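The structure file data_12.txt is reproduced below (compact mmCIF, C-alpha atoms and all ligand atoms).
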# COMPACT_ATOMS: atom_id res chain seq x y z
CA MET A 52 10.40 -14.77 16.56
CA THR A 53 7.36 -16.66 15.29
CA PHE A 54 4.57 -14.72 13.58
CA ASP A 55 2.36 -15.27 16.64
CA GLU A 56 5.03 -13.70 18.83
CA VAL A 57 5.30 -10.72 16.47
CA LYS A 58 1.54 -10.19 16.59
CA GLU A 59 1.51 -10.43 20.38
CA MET A 60 4.39 -7.98 20.79
CA GLU A 61 2.81 -5.53 18.36
CA GLN A 62 -0.44 -5.67 20.27
CA GLU A 63 1.36 -5.06 23.53
CA HIS A 64 3.41 -2.03 22.51
CA PHE A 65 1.94 -0.38 19.43
CA MET A 66 -0.87 2.13 19.56
CA PRO A 67 -3.77 0.29 17.96
CA THR A 68 -4.12 2.69 15.02
CA TYR A 69 -4.02 0.03 12.28
CA GLY A 70 -6.22 -2.89 11.41
CA ARG A 71 -3.52 -5.03 9.86
CA PHE A 72 -3.95 -7.98 7.51
CA PRO A 73 -2.67 -11.23 9.08
CA VAL A 74 0.62 -11.51 7.22
CA GLN A 75 4.20 -10.38 7.77
CA LEU A 76 6.32 -9.52 4.76
CA VAL A 77 10.02 -10.04 5.18
CA ARG A 78 11.56 -9.75 1.71
CA GLY A 79 10.74 -9.10 -1.91
CA ARG A 80 11.91 -9.58 -5.48
CA GLY A 81 10.45 -7.78 -8.48
CA ALA A 82 6.77 -7.27 -7.65
CA THR A 83 6.55 -10.33 -5.41
CA LEU A 84 6.76 -10.24 -1.61
CA PHE A 85 7.43 -13.21 0.68
CA ASP A 86 6.32 -14.00 4.23
CA GLU A 87 8.58 -15.60 6.85
CA ALA A 88 7.72 -19.10 5.60
CA GLY A 89 8.71 -18.17 2.04
CA ALA A 90 5.14 -18.04 0.67
CA PRO A 91 4.91 -15.57 -2.27
CA TYR A 92 2.42 -12.72 -2.66
CA ILE A 93 1.93 -10.82 -5.90
CA ASP A 94 2.03 -7.17 -4.94
CA PHE A 95 -0.73 -4.95 -6.37
CA THR A 96 -0.11 -2.37 -3.59
CA SER A 97 3.57 -1.34 -3.68
CA GLY A 98 3.17 -0.24 -0.05
CA ILE A 99 0.35 2.13 -1.09
CA GLY A 100 1.99 3.50 -4.21
CA VAL A 101 5.47 3.76 -2.73
CA ASN A 102 7.72 0.99 -4.05
CA VAL A 103 7.59 2.10 -7.69
CA LEU A 104 10.74 0.19 -8.69
CA GLY A 105 9.61 -2.98 -6.91
CA TYR A 106 11.95 -5.01 -4.68
CA GLY A 107 15.62 -5.74 -5.10
CA ASP A 108 16.39 -2.93 -7.56
CA ARG A 109 20.18 -2.96 -7.66
CA ALA A 110 20.83 0.60 -8.83
CA TRP A 111 18.51 2.01 -6.17
CA SER A 112 19.86 -0.09 -3.28
CA ASP A 113 23.47 0.61 -4.33
CA ALA A 114 22.86 4.37 -4.45
CA VAL A 115 21.20 4.31 -1.03
CA ALA A 116 23.88 2.08 0.52
CA ILE A 117 26.75 4.13 -0.88
CA GLN A 118 25.22 7.38 0.39
CA ALA A 119 24.66 5.80 3.83
CA THR A 120 28.36 4.97 4.06
CA LYS A 121 29.37 8.54 3.07
CA VAL A 122 27.07 10.67 5.27
CA GLN A 123 23.53 9.75 6.35
CA HIS A 124 22.20 13.20 7.23
CA VAL A 125 23.27 16.79 6.79
CA SER A 126 21.49 19.66 8.53
CA ASN A 127 19.88 22.30 6.33
CA LEU A 128 22.26 24.76 8.01
CA TYR A 129 24.79 23.46 5.47
CA TYR A 130 24.87 22.54 1.79
CA ASN A 131 24.22 18.96 0.75
CA PRO A 132 25.09 18.21 -2.89
CA THR A 133 23.01 15.00 -3.02
CA ALA A 134 19.84 16.94 -2.13
CA VAL A 135 20.77 19.79 -4.48
CA ARG A 136 21.30 17.39 -7.38
CA PHE A 137 18.00 15.62 -6.65
CA GLY A 138 16.11 18.93 -6.32
CA ASP A 139 17.58 20.13 -9.61
CA THR A 140 16.59 16.91 -11.40
CA LEU A 141 13.10 17.01 -9.90
CA CYS A 142 12.52 20.63 -10.96
CA ARG A 143 13.81 20.04 -14.48
CA ARG A 144 11.86 16.81 -14.97
CA SER A 145 8.60 18.10 -13.46
CA GLY A 146 8.69 21.52 -15.14
CA PHE A 147 8.64 23.51 -11.89
CA HIS A 148 10.99 26.24 -10.76
CA LYS A 149 11.53 25.75 -7.03
CA VAL A 150 11.23 22.91 -4.56
CA PHE A 151 10.94 22.45 -0.80
CA LEU A 152 11.97 18.97 0.34
CA CYS A 153 10.27 17.28 3.28
CA ASN A 154 9.48 13.75 4.42
CA SER A 155 5.87 12.81 3.62
CA GLY A 156 2.77 13.65 1.66
CA ALA A 157 1.09 15.41 4.55
CA GLU A 158 4.17 17.58 5.06
CA ALA A 159 4.30 18.46 1.38
CA ASN A 160 0.65 19.56 1.61
CA GLU A 161 1.33 21.55 4.80
CA CYS A 162 4.00 23.40 2.85
CA ALA A 163 1.55 24.09 0.01
CA VAL A 164 -1.08 25.37 2.49
CA LYS A 165 1.44 27.70 4.13
CA LEU A 166 2.57 28.95 0.72
CA ALA A 167 -0.99 29.70 -0.44
CA ARG A 168 -1.87 31.47 2.81
CA LYS A 169 1.29 33.57 2.84
CA TYR A 170 0.73 34.56 -0.78
CA GLY A 171 -2.93 35.41 -0.07
CA ASN A 172 -2.02 37.40 3.04
CA GLU A 173 0.72 39.39 1.34
CA THR A 174 -1.02 39.97 -1.97
CA HIS A 175 -4.70 40.36 -1.05
CA GLY A 176 -4.70 41.17 2.68
CA ALA A 177 -4.69 39.34 5.99
CA GLY A 178 -8.20 37.92 5.55
CA CYS A 179 -7.26 36.06 2.38
CA ASN A 180 -6.57 32.66 3.90
CA GLU A 181 -9.26 30.20 2.86
CA ILE A 182 -8.49 27.09 0.83
CA ILE A 183 -11.10 25.17 -1.12
CA THR A 184 -10.62 21.41 -1.53
CA LEU A 185 -12.89 18.76 -3.02
CA LYS A 186 -15.40 16.49 -1.37
CA ASN A 187 -14.06 12.94 -1.09
CA SER A 188 -10.48 14.18 -1.16
CA PHE A 189 -7.64 12.93 1.02
CA HIS A 190 -4.71 15.16 1.91
CA GLY A 191 -3.10 13.60 4.99
CA ARG A 192 -3.30 12.91 8.72
CA THR A 193 -1.95 16.03 10.42
CA VAL A 194 -4.51 18.32 12.02
CA THR A 195 -4.35 20.76 9.10
CA THR A 196 -4.33 18.17 6.30
CA LEU A 197 -7.25 16.37 8.00
CA SER A 198 -9.05 19.70 7.83
CA ALA A 199 -8.15 19.90 4.14
CA THR A 200 -9.55 16.39 3.60
CA GLY A 201 -13.11 16.74 2.32
CA GLN A 202 -14.66 13.80 4.18
CA ASP A 203 -16.68 14.18 7.40
CA ALA A 204 -15.33 10.86 8.71
CA PHE A 205 -11.91 12.53 9.10
CA HIS A 206 -13.29 15.51 11.04
CA GLN A 207 -13.88 13.67 14.33
CA HIS A 208 -12.03 13.39 17.65
CA PHE A 209 -9.42 16.11 17.24
CA THR A 210 -11.21 19.43 17.59
CA PRO A 211 -10.37 22.20 17.18
CA PHE A 212 -9.34 21.56 13.59
CA THR A 213 -7.46 24.12 11.52
CA GLU A 214 -9.96 26.66 10.24
CA GLY A 215 -10.22 28.00 6.73
CA PHE A 216 -11.11 25.00 4.57
CA ARG A 217 -14.23 24.62 2.44
CA TYR A 218 -15.25 21.66 0.31
CA ALA A 219 -16.55 21.75 -3.25
CA GLN A 220 -18.21 19.04 -5.31
CA ALA A 221 -15.81 17.79 -8.02
CA GLY A 222 -17.04 18.50 -11.53
CA ASP A 223 -19.33 21.41 -10.60
CA ILE A 224 -17.56 24.59 -11.67
CA ASP A 225 -20.57 26.80 -10.86
CA ALA A 226 -20.57 25.56 -7.27
CA LEU A 227 -16.86 26.34 -7.01
CA ARG A 228 -17.34 29.78 -8.53
CA ALA A 229 -20.07 30.49 -5.97
CA MET A 230 -17.80 29.39 -3.14
CA VAL A 231 -14.86 31.63 -4.09
CA THR A 232 -14.72 34.90 -2.14
CA GLU A 233 -12.15 37.61 -1.42
CA GLN A 234 -10.94 35.30 1.35
CA THR A 235 -10.01 32.45 -1.00
CA CYS A 236 -6.24 32.07 -1.32
CA GLY A 237 -6.02 28.53 -2.70
CA VAL A 238 -7.73 25.61 -4.39
CA MET A 239 -6.24 22.17 -3.77
CA LEU A 240 -7.26 18.97 -5.53
CA GLU A 241 -6.18 15.48 -6.58
CA LEU A 242 -6.55 14.67 -10.30
CA ILE A 243 -7.54 11.14 -9.33
CA GLN A 244 -8.91 10.86 -5.79
CA GLY A 245 -7.00 7.86 -4.49
CA GLU A 246 -8.31 7.17 -0.99
CA GLY A 247 -11.68 8.65 -1.97
CA GLY A 248 -12.42 5.76 -4.36
CA VAL A 249 -10.15 6.17 -7.42
CA ASN A 250 -12.35 8.94 -8.82
CA VAL A 251 -10.96 10.55 -11.97
CA VAL A 252 -11.56 14.31 -11.90
CA ASP A 253 -12.84 15.56 -15.27
CA PRO A 254 -10.10 17.38 -17.26
CA ARG A 255 -12.64 19.93 -18.55
CA TYR A 256 -13.51 20.83 -14.94
CA VAL A 257 -9.84 21.02 -13.98
CA TYR A 258 -9.23 23.37 -16.91
CA GLU A 259 -12.09 25.60 -15.73
CA VAL A 260 -10.73 25.57 -12.18
CA LYS A 261 -7.40 26.77 -13.56
CA GLN A 262 -9.09 29.61 -15.46
CA LEU A 263 -11.01 30.64 -12.35
CA CYS A 264 -7.85 30.60 -10.22
CA LYS A 265 -5.99 32.66 -12.81
CA GLU A 266 -8.81 35.20 -13.01
CA LYS A 267 -8.98 35.62 -9.20
CA ASP A 268 -5.24 35.21 -8.50
CA ILE A 269 -5.81 32.10 -6.39
CA VAL A 270 -3.02 29.57 -5.90
CA LEU A 271 -3.90 26.31 -7.66
CA ILE A 272 -2.40 23.28 -5.88
CA PHE A 273 -2.44 19.72 -7.20
CA ASP A 274 -1.89 17.03 -4.59
CA GLU A 275 -0.02 14.46 -6.70
CA VAL A 276 1.17 12.46 -3.70
CA GLN A 277 -0.53 9.35 -5.10
CA THR A 278 -0.87 10.17 -8.83
CA GLY A 279 2.72 11.34 -9.23
CA VAL A 280 6.06 9.71 -10.06
CA GLY A 281 4.95 7.76 -13.12
CA ARG A 282 1.91 6.18 -11.50
CA THR A 283 -0.58 7.23 -14.20
CA GLY A 284 1.79 6.89 -17.19
CA THR A 285 3.31 10.38 -17.17
CA LEU A 286 5.83 11.64 -14.60
CA TYR A 287 3.04 13.75 -13.08
CA ALA A 288 -0.63 13.39 -13.94
CA TRP A 289 -1.15 17.08 -14.81
CA GLU A 290 0.81 16.50 -18.03
CA ALA A 291 -2.01 14.26 -19.32
CA TRP A 292 -4.76 16.55 -17.99
CA GLY A 293 -3.06 19.41 -19.84
CA VAL A 294 -3.45 21.76 -16.88
CA LYS A 295 -0.39 22.90 -14.93
CA PRO A 296 -0.89 23.94 -11.30
CA ASP A 297 0.99 26.73 -9.51
CA VAL A 298 2.04 24.34 -6.78
CA LEU A 299 2.40 20.55 -6.89
CA THR A 300 2.96 18.16 -4.02
CA SER A 301 4.68 14.78 -4.37
CA ALA A 302 5.72 11.98 -2.00
CA LYS A 303 4.86 8.24 -1.93
CA GLY A 304 6.71 6.87 -4.99
CA LEU A 305 9.35 9.60 -4.99
CA GLY A 306 11.78 7.72 -2.72
CA ASN A 307 10.88 4.15 -3.76
CA GLY A 308 10.33 3.39 -0.08
CA LEU A 309 12.38 6.01 1.76
CA PRO A 310 10.44 8.83 3.40
CA ILE A 311 10.57 11.88 1.15
CA GLY A 312 8.17 14.58 0.08
CA ALA A 313 8.39 17.61 -2.17
CA CYS A 314 6.40 20.78 -2.63
CA LEU A 315 7.10 22.28 -6.06
CA ALA A 316 6.21 25.76 -7.27
CA THR A 317 6.28 27.73 -10.51
CA GLU A 318 8.50 30.79 -10.82
CA LYS A 319 5.75 33.18 -9.65
CA PHE A 320 5.28 31.31 -6.37
CA GLY A 321 8.81 30.02 -5.91
CA ALA A 322 9.96 32.65 -3.39
CA VAL A 323 6.78 33.05 -1.31
CA LEU A 324 8.18 30.93 1.52
CA SER A 325 11.11 33.21 2.33
CA ALA A 326 14.02 32.60 4.72
CA GLY A 327 12.86 31.48 8.15
CA THR A 328 9.21 30.86 7.20
CA HIS A 329 9.48 27.11 6.73
CA GLY A 330 11.90 24.29 7.44
CA SER A 331 12.45 20.65 8.26
CA THR A 332 15.11 18.75 10.20
CA PHE A 333 15.09 15.71 7.92
CA GLY A 334 14.01 17.43 4.68
CA GLY A 335 16.55 16.85 1.91
CA ASN A 336 17.99 13.82 3.68
CA PRO A 337 20.86 12.64 1.42
CA VAL A 338 20.03 8.91 1.65
CA ALA A 339 16.41 9.51 0.63
CA CYS A 340 17.57 11.92 -2.11
CA ALA A 341 20.13 9.43 -3.47
CA GLY A 342 17.26 6.94 -3.82
CA GLY A 343 14.99 9.56 -5.37
CA GLU A 344 17.63 10.42 -7.95
CA VAL A 345 17.62 6.80 -9.17
CA VAL A 346 13.80 6.82 -9.32
CA LEU A 347 13.76 9.93 -11.52
CA GLU A 348 16.58 8.63 -13.75
CA ARG A 349 14.58 5.46 -14.39
CA MET A 350 11.41 7.29 -15.43
CA ASN A 351 12.30 8.04 -19.01
CA ASP A 352 9.79 8.05 -21.89
CA ALA A 353 10.18 4.32 -22.58
CA PHE A 354 9.55 3.46 -18.91
CA LEU A 355 6.47 5.67 -18.74
CA MET A 356 5.11 4.24 -21.99
CA GLU A 357 5.45 0.75 -20.47
CA VAL A 358 3.46 1.90 -17.41
CA GLU A 359 0.68 3.02 -19.71
CA ARG A 360 0.78 -0.28 -21.65
CA LYS A 361 0.68 -2.37 -18.49
CA GLY A 362 -2.18 -0.22 -17.23
CA TYR A 363 -4.24 -0.95 -20.34
CA TYR A 364 -3.31 -4.64 -20.13
CA LEU A 365 -4.43 -4.91 -16.48
CA ARG A 366 -7.60 -2.92 -17.10
CA ASP A 367 -8.61 -4.94 -20.18
CA LYS A 368 -8.09 -8.29 -18.42
CA ILE A 369 -10.05 -7.25 -15.33
CA MET A 370 -12.88 -5.78 -17.44
CA GLU A 371 -13.44 -9.23 -18.93
CA PHE A 372 -14.61 -10.65 -15.58
CA SER A 373 -18.40 -10.93 -15.36
CA GLN A 374 -18.16 -9.94 -11.67
CA VAL A 375 -16.66 -6.55 -12.57
CA GLU A 376 -18.91 -3.57 -13.14
CA GLU A 377 -16.33 -0.87 -13.77
CA VAL A 378 -12.59 -0.29 -13.86
CA ARG A 379 -11.60 3.35 -13.41
CA GLY A 380 -8.35 5.24 -13.07
CA LYS A 381 -5.31 5.65 -15.29
CA GLY A 382 -2.00 3.87 -15.85
CA LEU A 383 -1.23 1.64 -12.89
CA MET A 384 -3.69 3.38 -10.57
CA LEU A 385 -6.92 1.45 -11.04
CA GLY A 386 -10.13 1.05 -9.05
CA VAL A 387 -12.21 -2.07 -9.59
CA LYS A 388 -15.91 -1.95 -8.81
CA THR A 389 -17.42 -5.42 -8.56
CA ASN A 390 -21.03 -6.60 -8.52
CA VAL A 391 -20.48 -9.27 -5.87
CA LEU A 392 -22.15 -8.89 -2.46
CA ALA A 393 -18.97 -9.13 -0.41
CA ASP A 394 -17.46 -5.74 0.42
CA ALA A 395 -14.05 -4.61 -0.84
CA LYS A 396 -12.28 -5.29 2.49
CA THR A 397 -13.54 -8.90 2.52
CA LEU A 398 -12.41 -9.37 -1.08
CA ALA A 399 -8.97 -7.99 -0.25
CA SER A 400 -8.68 -10.47 2.66
CA GLU A 401 -9.67 -13.31 0.35
CA CYS A 402 -7.07 -12.18 -2.21
CA LEU A 403 -4.42 -12.18 0.52
CA ALA A 404 -5.35 -15.75 1.46
CA HIS A 405 -4.81 -16.69 -2.21
CA GLY A 406 -1.47 -14.88 -2.55
CA LEU A 407 -2.40 -11.42 -3.87
CA LEU A 408 -1.93 -8.14 -2.00
CA ILE A 409 -4.52 -5.60 -3.12
CA LEU A 410 -5.80 -2.31 -1.66
CA THR A 411 -9.28 -0.91 -1.20
CA ALA A 412 -10.64 2.62 -1.48
CA LYS A 413 -14.20 3.11 -0.26
CA ASP A 414 -16.21 0.43 -2.13
CA VAL A 415 -13.62 -0.41 -4.81
CA LEU A 416 -10.60 -2.68 -4.96
CA ARG A 417 -7.56 -0.56 -5.73
CA CYS A 418 -4.50 -1.68 -7.71
CA LEU A 419 -1.23 0.24 -7.30
CA PRO A 420 1.42 -2.33 -8.30
CA PRO A 421 5.11 -1.49 -8.58
CA LEU A 422 5.54 0.23 -11.95
CA THR A 423 8.18 -2.36 -12.83
CA ILE A 424 5.80 -5.30 -12.40
CA SER A 425 6.32 -7.98 -15.08
CA TYR A 426 3.53 -9.26 -17.35
CA GLU A 427 4.00 -12.66 -15.74
CA GLU A 428 3.35 -11.20 -12.29
CA LEU A 429 0.39 -9.21 -13.64
CA ASP A 430 -1.06 -12.43 -15.06
CA LYS A 431 -0.61 -14.25 -11.74
CA GLY A 432 -2.34 -11.44 -9.86
CA ILE A 433 -5.16 -11.25 -12.40
CA ARG A 434 -5.68 -15.04 -12.13
CA ILE A 435 -5.92 -14.86 -8.31
CA LEU A 436 -8.34 -11.92 -8.47
CA HIS A 437 -10.51 -13.84 -10.91
CA GLU A 438 -10.50 -16.97 -8.72
CA VAL A 439 -11.53 -14.94 -5.68
CA LEU A 440 -14.30 -13.06 -7.49
CA HIS A 441 -15.53 -16.28 -9.08
CA ALA A 442 -15.74 -18.02 -5.69
CA THR A 443 -17.48 -15.07 -3.98
CA LYS A 444 -21.18 -14.36 -3.96
C1 LIG A 501 -1.08 9.23 0.88
C2 LIG A 501 -1.57 10.57 0.54
C3 LIG A 501 -1.27 11.69 1.34
C4 LIG A 501 -0.54 11.57 2.67
O1 LIG A 501 0.76 11.14 2.53
P1 LIG A 501 1.61 10.70 3.85
O2 LIG A 501 2.96 10.43 3.30
O3 LIG A 501 0.93 9.51 4.42
O4 LIG A 501 1.57 11.85 4.78
C5 LIG A 501 -1.69 12.93 0.91
N1 LIG A 501 -2.36 13.06 -0.25
C6 LIG A 501 -2.67 12.02 -1.03
C7 LIG A 501 -3.40 12.26 -2.31
C8 LIG A 501 -2.29 10.74 -0.66
O5 LIG A 501 -2.62 9.70 -1.43
Mind turning the file's structure into structure tokens?
Amino acid sequence: MTFDEVKEMEQEHFMPTYGRFPVQLVRGRGATLFDEAGAPYIDFTSGIGVNVLGYGDRAWSDAVAIQATKVQHVSNLYYNPTAVRFGDTLCRRSGFHKVFLCNSGAEANECAVKLARKYGNETHGAGCNEIITLKNSFHGRTVTTLSATGQDAFHQHFTPFTEGFRYAQAGDIDALRAMVTEQTCGVMLELIQGEGGVNVVDPRYVYEVKQLCKEKDIVLIFDEVQTGVGRTGTLYAWEAWGVKPDVLTSAKGLGNGLPIGACLATEKFGAVLSAGTHGSTFGGNPVACAGGEVVLERMNDAFLMEVERKGYYLRDKIMEFSQVEEVRGKGLMLGVKTNVLADAKTLASECLAHGLLILTAKDVLRCLPPLTISYEELDKGIRILHEVLHATK
């Protein structure tokens, strides 16, 4: 099939939910992807924070392939040692007590919402079911996680939305305090708002949110779907913020490309979702878990330190450009605010035309490269970004 035929077929049979860039990616090596003609693209996206080990990782693909030849799926009616081993590693490495395995970020957040509501209901009465999230947040595309998302643009078309969500301004602890009532069962936030513009949430504020939640016995949930799995230079971002949530959600990078999600809870909240109250057909899929095990094994201290170093390297180089106003974020999750007139989407299209895949978030360019990206690939990407910004008005 030629690329034109692929585009035509897609248009004919796929619901038109995506505005795709005009490129098809057919293979990859390291942090470089290739189109059907063999043209290379430096990848500053990793499939939106997913392909943390890049492309062609032998240990990961071997583990996945071997598991696929043994058994590809086991129902949760039975035990599955690959999932159990992965869940055990994830709990030990993340510092949480219990895990529920699912298949995406939105599902992990659904699990967290159910947990907070059940805890609120059982501990403080049936009316305790409200969850406060932050303005500019993003928590997923299901009807409930759209409700949780604190952006009006996501609250269109699909009424009635799930009730019981309120939105607080990040950084304003007094506003949050004023919003908390006897009905509040949970507070959910991202430590860096990814889709919302790579906005770093102030650690002082996060600490105060934790104190408030503790005082009122409210479940504190961190959505680490984008910030987790080494992305910001620690396995999970809360370690650097110094504030541990009661519940943490993870997905994206956790499977290095296979669909997997996890909702983790501390000991106090670990048994709230009792037998029969939650479940998933695919959750704990052994192929995804075999891949996840390799991801977690790889993320030792030396690996994470390298992520931090590469993050500083990328940030420092980009900051040198006269067309750049601000670089924000942490580790290899960076938002680049430029002073050129062209909008972020146009810049991303220009980068693609020059051989660099880069994301946008609101008005910033967003870099989420594979965590294994080499300095040579970083330099190539930086050079392309500079060329594009230099040539743009
Ligand atoms: C991507 C993302 C989600 C949704 O994850 P899906 O796997 O697409 O359902 C939720 N929260 C955050 C912070 C995300 O970045």
- Kindly provide, as an MDAnalysis selection string, all nucleotide and amino acid residues lying within 7 Å of ligand LIG 501 (chain A), counting only C-alpha atoms and all ligand atoms. chainID A and resid 155:158 189:192 241 244:246 274:277 302:303
Selection to disk with C-alpha atoms, as an mmCIF file, in the frame of the given file:
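Okay, this is what ended up in out_23.cif:
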data_model
loop_
_atom_site.group_PDB
_atom_site.id
_atom_site.type_symbol
_atom_site.label_atom_id
_atom_site.label_comp_id
_atom_site.auth_asym_id
_atom_site.auth_seq_id
_atom_site.Cartn_x
_atom_site.Cartn_y
_atom_site.Cartn_z
ATOM 1 C CA SER A 155 5.870 12.810 3.620
ATOM 2 C CA GLY A 156 2.770 13.650 1.660
ATOM 3 C CA ALA A 157 1.090 15.410 4.550
ATOM 4 C CA GLU A 158 4.170 17.580 5.060
ATOM 5 C CA PHE A 189 -7.640 12.930 1.020
ATOM 6 C CA HIS A 190 -4.710 15.160 1.910
ATOM 7 C CA GLY A 191 -3.100 13.600 4.990
ATOM 8 C CA ARG A 192 -3.300 12.910 8.720
ATOM 9 C CA GLU A 241 -6.180 15.480 -6.580
ATOM 10 C CA GLN A 244 -8.910 10.860 -5.790
ATOM 11 C CA GLY A 245 -7.000 7.860 -4.490
ATOM 12 C CA GLU A 246 -8.310 7.170 -0.990
ATOM 13 C CA ASP A 274 -1.890 17.030 -4.590
ATOM 14 C CA GLU A 275 -0.020 14.460 -6.700
ATOM 15 C CA VAL A 276 1.170 12.460 -3.700
ATOM 16 C CA GLN A 277 -0.530 9.350 -5.100
ATOM 17 C CA ALA A 302 5.720 11.980 -2.000
ATOM 18 C CA LYS A 303 4.860 8.240 -1.930
#
- Quick one: residues within 8 Å of stretch 169-183 of chain A, all atoms listed in the file counted, chain neighbours fewer than 6 positions away excluded, as a VMD selection string? chain A and resid 199 215 to 219 233 to 239 269 320 323 to 324
C-alpha atoms of the current selection, written as a PDB file, keeping the file's coordinate frame:
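This is the output file result-v3.pdb:
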ATOM      1  CA  ALA A 199      -8.150  19.900   4.140  1.00  0.00           C
ATOM      2  CA  GLY A 215     -10.220  28.000   6.730  1.00  0.00           C
ATOM      3  CA  PHE A 216     -11.110  25.000   4.570  1.00  0.00           C
ATOM      4  CA  ARG A 217     -14.230  24.620   2.440  1.00  0.00           C
ATOM      5  CA  TYR A 218     -15.250  21.660   0.310  1.00  0.00           C
ATOM      6  CA  ALA A 219     -16.550  21.750  -3.250  1.00  0.00           C
ATOM      7  CA  GLU A 233     -12.150  37.610  -1.420  1.00  0.00           C
ATOM      8  CA  GLN A 234     -10.940  35.300   1.350  1.00  0.00           C
ATOM      9  CA  THR A 235     -10.010  32.450  -1.000  1.00  0.00           C
ATOM     10  CA  CYS A 236      -6.240  32.070  -1.320  1.00  0.00           C
ATOM     11  CA  GLY A 237      -6.020  28.530  -2.700  1.00  0.00           C
ATOM     12  CA  VAL A 238      -7.730  25.610  -4.390  1.00  0.00           C
ATOM     13  CA  MET A 239      -6.240  22.170  -3.770  1.00  0.00           C
ATOM     14  CA  ILE A 269      -5.810  32.100  -6.390  1.00  0.00           C
ATOM     15  CA  PHE A 320       5.280  31.310  -6.370  1.00  0.00           C
ATOM     16  CA  VAL A 323       6.780  33.050  -1.310  1.00  0.00           C
ATOM     17  CA  LEU A 324       8.180  30.930   1.520  1.00  0.00           C
TER      18      LEU A 324
END
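The smallest atom-to-atom distance between A:Leu416 and any of A:Thr397, A:Asn160, A:Ser301, A:Ser126, using only C-alpha atoms, is found for A:Thr397.
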- Message: So that I can check the surroundings of stretch 306-308 of chain A, please list as a list in words every protein, DNA and RNA residue that reaches within 7 Å of it, counting all atoms listed in the file and ignoring chain neighbours fewer than 4 positions away.
- Response: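 Returned residues: Val101, Asn102, Val103, Leu104, Ala339, Gly342, Gly343 and Val346 of chain A.
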- Query: atom CA of A:Val415 to atom CA of A:Phe212: how many Å, to one decimal?
  - Reply: 29.0 Å
Give me, as CSV, the closest atom pair and its distance (Å, one decimal) for every residue of stretch 330-355 of chain A within a cut-off of 10 Å of stretch 309-315 of chain A, counting all atoms listed in the file, rows sorted by chain and rising number.
residue,atom,partner,partner_atom,distance
A:Phe333,CA,A:Ile311,CA,9.0
A:Gly334,CA,A:Ile311,CA,7.4
A:Gly335,CA,A:Ile311,CA,7.8
A:Asn336,CA,A:Ile311,CA,8.1
A:Val338,CA,A:Leu309,CA,8.2
A:Ala339,CA,A:Leu309,CA,5.5
A:Cys340,CA,A:Ile311,CA,7.7
A:Ala341,CA,A:Leu309,CA,10.0
A:Gly342,CA,A:Leu309,CA,7.5
A:Gly343,CA,A:Ile311,CA,8.2
Generate the output file for the selected residues, C-alpha atoms, as a compact mmCIF listing (two decimals), in the coordinates of the input.
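Listed below is the output, out34.txt:
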# COMPACT_ATOMS: atom_id res chain seq x y z
CA PHE A 333 15.09 15.71 7.92
CA GLY A 334 14.01 17.43 4.68
CA GLY A 335 16.55 16.85 1.91
CA ASN A 336 17.99 13.82 3.68
CA VAL A 338 20.03 8.91 1.65
CA ALA A 339 16.41 9.51 0.63
CA CYS A 340 17.57 11.92 -2.11
CA ALA A 341 20.13 9.43 -3.47
CA GLY A 342 17.26 6.94 -3.82
CA GLY A 343 14.99 9.56 -5.37
Give me, as a PDB file with C-alpha atoms, in the frame of the given file, all polymer residues having an atom no more than 9 Å from A:His405, counting only C-alpha atoms and skipping those fewer than 6 positions away in the same chain.
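Result went into part-v4.pdb, see below:
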ATOM      1  CA  TYR A  92       2.420 -12.720  -2.660  1.00  0.00           C
ATOM      2  CA  ILE A 435      -5.920 -14.860  -8.310  1.00  0.00           C
ATOM      3  CA  LEU A 436      -8.340 -11.920  -8.470  1.00  0.00           C
ATOM      4  CA  GLU A 438     -10.500 -16.970  -8.720  1.00  0.00           C
ATOM      5  CA  VAL A 439     -11.530 -14.940  -5.680  1.00  0.00           C
TER       6      VAL A 439
END
- Of A:Asn250, A:Gln202, A:Thr68, A:Gln207, the one nearest to A:Asp414 when counting all atoms listed in the file is A:Asn250
- Task: Could you check which of A:Ser331, A:Thr300, A:Thr140, A:Thr210 is closest to A:Val194, using only C-alpha atoms?
- Result: A:Thr210
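Residues in contact with A:Lys396 at 12 Å, where all atoms listed in the file are counted and same-chain residues fewer than 4 positions away are skipped, are listed as Gly70, Arg71, Phe72, Leu392, Ser400, Glu401, Cys402, Leu403, Leu408, Ile409, Leu410, Thr411, Ala412, Lys413, Asp414, Val415, Leu416 and Arg417 of chain A.
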As an mmCIF file, in the coordinates of the input, could you write out stretch 267-271 of chain A once it has been completed with N, CA and C atoms?
data_model
loop_
_atom_site.group_PDB
_atom_site.id
_atom_site.type_symbol
_atom_site.label_atom_id
_atom_site.label_comp_id
_atom_site.auth_asym_id
_atom_site.auth_seq_id
_atom_site.Cartn_x
_atom_site.Cartn_y
_atom_site.Cartn_z
ATOM 1 N N LYS A 267 -8.850 35.069 -10.565
ATOM 2 C CA LYS A 267 -8.980 35.620 -9.200
ATOM 3 C C LYS A 267 -7.641 35.655 -8.459
ATOM 4 N N ASP A 268 -6.564 35.289 -9.128
ATOM 5 C CA ASP A 268 -5.240 35.210 -8.500
ATOM 6 C C ASP A 268 -5.243 34.329 -7.251
ATOM 7 N N ILE A 269 -5.760 33.114 -7.450
ATOM 8 C CA ILE A 269 -5.810 32.100 -6.390
ATOM 9 C C ILE A 269 -4.764 31.040 -6.700
ATOM 10 N N VAL A 270 -4.053 30.575 -5.675
ATOM 11 C CA VAL A 270 -3.020 29.570 -5.900
ATOM 12 C C VAL A 270 -3.672 28.196 -6.163
ATOM 13 N N LEU A 271 -3.353 27.627 -7.315
ATOM 14 C CA LEU A 271 -3.900 26.310 -7.660
ATOM 15 C C LEU A 271 -2.875 25.234 -7.281
#
